[in-house]
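Engineer: Sharing a structure, written as C-alpha cells. Questions coming.
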Amino acid sequence: MSAYRFRRAHRLLKTDEFSSVFSLRMSRSNATFQVSARPNELGHARLGLVVGRKVHKRAVRRNYIKRTVREWFRLNRQTLPDMDFVVRAKVPFTRAERTEVITALSSLFAKLARCRVSSSS
C-alpha cells in the first residue's frame, strides 16, 4: 500500500527544478496537456504540475485537474522511467471527459518514455 503513496520525494517543488525540465525542451503535447520531461539520477519519477488561471478562472476546476493528474501519476509511477515530468494543462475538462483525458495523458507519458529509451541507447 505504501508503494502507491505520493510522497514529497516524488514531487517537483522548487522553481529551479521546473526550470531545468523546461530548459531541456523534451516535450510532447495534445489538445489537453503538454508534458515535459528530463532524466534524473534519483531512481524514481517525479511530477510537477502547472495549471494556471488561463485554464479556468475557478480554483475548484483547476484543483480537479491537478487531482486527476496526481492520481494517474500515483497509480502509474512504478512503470515510469527515472525522469522529472512537468504536466501543463491547456484546457479544463469535466468528470464526463475524464476517461478520454486519462487515455491522452497516458499516451503522452508513453511517448516521452520512448524518447528516453531511444536517447539513452
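How things are named: the first chain in the C-alpha cells is A, the next is B, and so on; residues count from 1 in each chain; ligands count from 1 in the order shown.
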So which residues touch A:Lys111 within 12 Å, counting only C-alpha atoms, skipping near sequence neighbours fewer than 5 positions away, as a PyMOL selection string?
Structural biologist: chain A and resi 26-30+34-37+80-81+104-106+116-118
Engineer: Skip stretch 15-18 of chain A itself and residues of its chain fewer than 2 positions away, then list as a list in words all residues within 12 Å of it, counting only C-alpha atoms.
Structural biologist: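 Once the adjacent positions are removed, what remains is Arg11, Leu12, Leu13, Ser20, Val21, Phe22, Ser23, Leu24, Arg25, Val35, Ser36, Ala37, Arg38, Pro39, Asn40, Arg46, Leu47, Gly48, Leu49, Val50, Met83, Asp84, Phe85, Val86, Val87 and Arg88 of chain A.
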Engineer: Kindly give the distance, in Å, that separates atom CA of A:Ser107 and atom CA of A:Asp82, rounded to a single decimal.
Structural biologist: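 Separation of atom CA of A:Ser107 and atom CA of A:Asp82: 17.3 Å.
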Engineer: At a cut-off of 10 Å, using only C-alpha atoms, what residues contact A:Tyr64? Leave out same-chain residues fewer than 3 positions from it and give the result as a compact mmCIF listing (two decimals) with all heavy atoms, in the first residue's frame.
Structural biologist:
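Once everything was written out, this is part_21.txt:
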```txt
# COMPACT_ATOMS: atom_id res chain seq x y z
N ALA A 59 -10.79 28.15 -8.97
CA ALA A 59 -9.78 27.29 -8.35
C ALA A 59 -10.29 25.86 -8.19
O ALA A 59 -9.51 24.91 -8.26
CB ALA A 59 -9.37 27.86 -7.00
N VAL A 60 -11.58 25.69 -7.99
CA VAL A 60 -12.15 24.35 -7.83
C VAL A 60 -11.88 23.50 -9.08
O VAL A 60 -11.48 22.34 -8.98
CB VAL A 60 -13.66 24.44 -7.56
CG1 VAL A 60 -14.30 23.07 -7.56
CG2 VAL A 60 -13.91 25.13 -6.24
N ARG A 61 -12.07 24.10 -10.25
CA ARG A 61 -11.83 23.37 -11.50
C ARG A 61 -10.35 23.10 -11.72
O ARG A 61 -9.96 22.02 -12.17
CB ARG A 61 -12.38 24.17 -12.69
CG ARG A 61 -13.88 24.32 -12.72
CD ARG A 61 -14.62 23.03 -13.04
NE ARG A 61 -14.26 22.46 -14.33
CZ ARG A 61 -14.82 22.78 -15.48
NH1 ARG A 61 -15.80 23.66 -15.52
NH2 ARG A 61 -14.43 22.21 -16.60
N ARG A 67 -5.75 17.16 -9.20
CA ARG A 67 -6.04 15.90 -8.50
C ARG A 67 -6.07 14.72 -9.47
O ARG A 67 -5.55 13.64 -9.17
CB ARG A 67 -7.39 15.98 -7.78
CG ARG A 67 -7.32 16.51 -6.40
CD ARG A 67 -8.59 16.22 -5.61
NE ARG A 67 -9.83 16.46 -6.34
CZ ARG A 67 -10.45 17.62 -6.41
NH1 ARG A 67 -9.96 18.69 -5.80
NH2 ARG A 67 -11.58 17.75 -7.08
N THR A 68 -6.67 14.94 -10.62
CA THR A 68 -6.76 13.88 -11.61
C THR A 68 -5.38 13.45 -12.11
O THR A 68 -5.08 12.26 -12.19
CB THR A 68 -7.63 14.34 -12.80
OG1 THR A 68 -8.92 14.72 -12.31
CG2 THR A 68 -7.78 13.25 -13.83
N VAL A 69 -4.52 14.41 -12.41
CA VAL A 69 -3.17 14.10 -12.90
C VAL A 69 -2.35 13.44 -11.80
O VAL A 69 -1.64 12.46 -12.05
CB VAL A 69 -2.48 15.37 -13.44
CG1 VAL A 69 -1.04 15.08 -13.82
CG2 VAL A 69 -3.25 15.93 -14.62
N ARG A 70 -2.43 13.96 -10.59
CA ARG A 70 -1.69 13.36 -9.47
C ARG A 70 -2.12 11.92 -9.23
O ARG A 70 -1.28 11.06 -8.97
CB ARG A 70 -1.89 14.17 -8.20
CG ARG A 70 -0.93 15.32 -8.06
CD ARG A 70 -0.93 15.85 -6.64
NE ARG A 70 -2.23 16.31 -6.21
CZ ARG A 70 -2.63 17.58 -6.19
NH1 ARG A 70 -1.81 18.53 -6.56
NH2 ARG A 70 -3.83 17.89 -5.77
N PRO A 92 -9.61 23.11 -19.56
CA PRO A 92 -10.28 22.37 -18.48
C PRO A 92 -11.04 21.18 -19.03
O PRO A 92 -11.34 21.11 -20.23
CB PRO A 92 -11.23 23.40 -17.88
CG PRO A 92 -11.52 24.33 -19.00
CD PRO A 92 -10.26 24.39 -19.82
N PHE A 93 -11.33 20.23 -18.16
CA PHE A 93 -12.16 19.09 -18.53
C PHE A 93 -13.07 18.75 -17.37
O PHE A 93 -12.82 19.13 -16.24
CB PHE A 93 -11.32 17.88 -18.96
CG PHE A 93 -10.33 17.42 -17.93
CD1 PHE A 93 -10.68 16.49 -16.97
CD2 PHE A 93 -9.03 17.91 -17.94
CE1 PHE A 93 -9.76 16.05 -16.03
CE2 PHE A 93 -8.11 17.48 -17.01
CZ PHE A 93 -8.47 16.55 -16.05
N THR A 94 -14.14 18.03 -17.68
CA THR A 94 -15.13 17.67 -16.67
C THR A 94 -15.01 16.19 -16.34
O THR A 94 -14.24 15.46 -16.96
CB THR A 94 -16.55 17.96 -17.18
OG1 THR A 94 -16.78 17.15 -18.34
CG2 THR A 94 -16.73 19.43 -17.53
N ARG A 95 -15.79 15.76 -15.37
CA ARG A 95 -15.77 14.35 -14.99
C ARG A 95 -16.24 13.44 -16.11
O ARG A 95 -15.81 12.31 -16.22
CB ARG A 95 -16.63 14.14 -13.75
CG ARG A 95 -15.98 14.79 -12.57
CD ARG A 95 -16.71 14.54 -11.29
NE ARG A 95 -15.91 15.21 -10.26
CZ ARG A 95 -16.35 15.58 -9.10
NH1 ARG A 95 -17.58 15.34 -8.78
NH2 ARG A 95 -15.56 16.18 -8.25
```
Engineer: Run DSSP on the backbone and give me the residues of chain A it puts in strand (DSSP E), as a list in words.
Structural biologist: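 Result set for chain A (strand (DSSP E)): Met26, Ser27, Arg28, Ser29, Phe33, Gln34, Val35, Ser36, Ala37, Arg38, Pro39, Arg46, Leu47, Gly48, Leu49, Val50, Met83, Asp84, Phe85, Val86, Val87, Arg88 and Ala89 of chain A.
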Engineer: So what do you get for atom CA of A:Ala9 versus atom CA of A:Arg58, distance-wise?
Structural biologist: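 Between atom CA of A:Ala9 and atom CA of A:Arg58 the gap is 28.7 Å.
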Engineer: So how far away is atom CA of A:Arg74 from atom CA of A:Ala110, in Å?
Structural biologist: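 If I compute the distance from atom CA of A:Ala110 to atom CA of A:Arg74, I get 15.5 Å.
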Engineer: Using only C-alpha atoms, find the one residue out of A:Gly52, A:Glu71, A:Asn63, A:Phe6 that sits nearest to A:Ile102.
Structural biologist: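 So, comparing all the options, the nearest one is A:Glu71.
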Engineer: Go through chain A and collect every residue that DSSP, computed from the backbone, puts in alpha helix (DSSP H); the answer should be as an MDAnalysis selection string.
Structural biologist: chainID A and resid 15:24 59:76 98:120
Engineer: Using only C-alpha atoms, find the one residue out of A:Ala89, A:Gln78, A:Arg8, A:Glu100 that sits nearest to A:His44.
Structural biologist: A:Gln78
Engineer: Using only C-alpha atoms, which of the listed residues (A:Thr32, A:Glu41, A:Glu97, A:Arg5) sits closest to A:Phe73?
Structural biologist: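 The answer is A:Arg5, which sits nearest to A:Phe73.
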Engineer: Nearest residue to A:Arg53 out of A:Arg77, A:Arg98, A:Lys90, A:Lys14, using only C-alpha atoms?
Structural biologist: A:Lys90
Engineer: Let me make sure I understand: among A:Phe33, A:His56, A:Gly43, A:Leu75, which one has the smallest atom-to-atom distance to A:Leu108 if we use only C-alpha atoms?
Structural biologist: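 Of the candidates, the smallest distance to A:Leu108 is held by A:Phe33.
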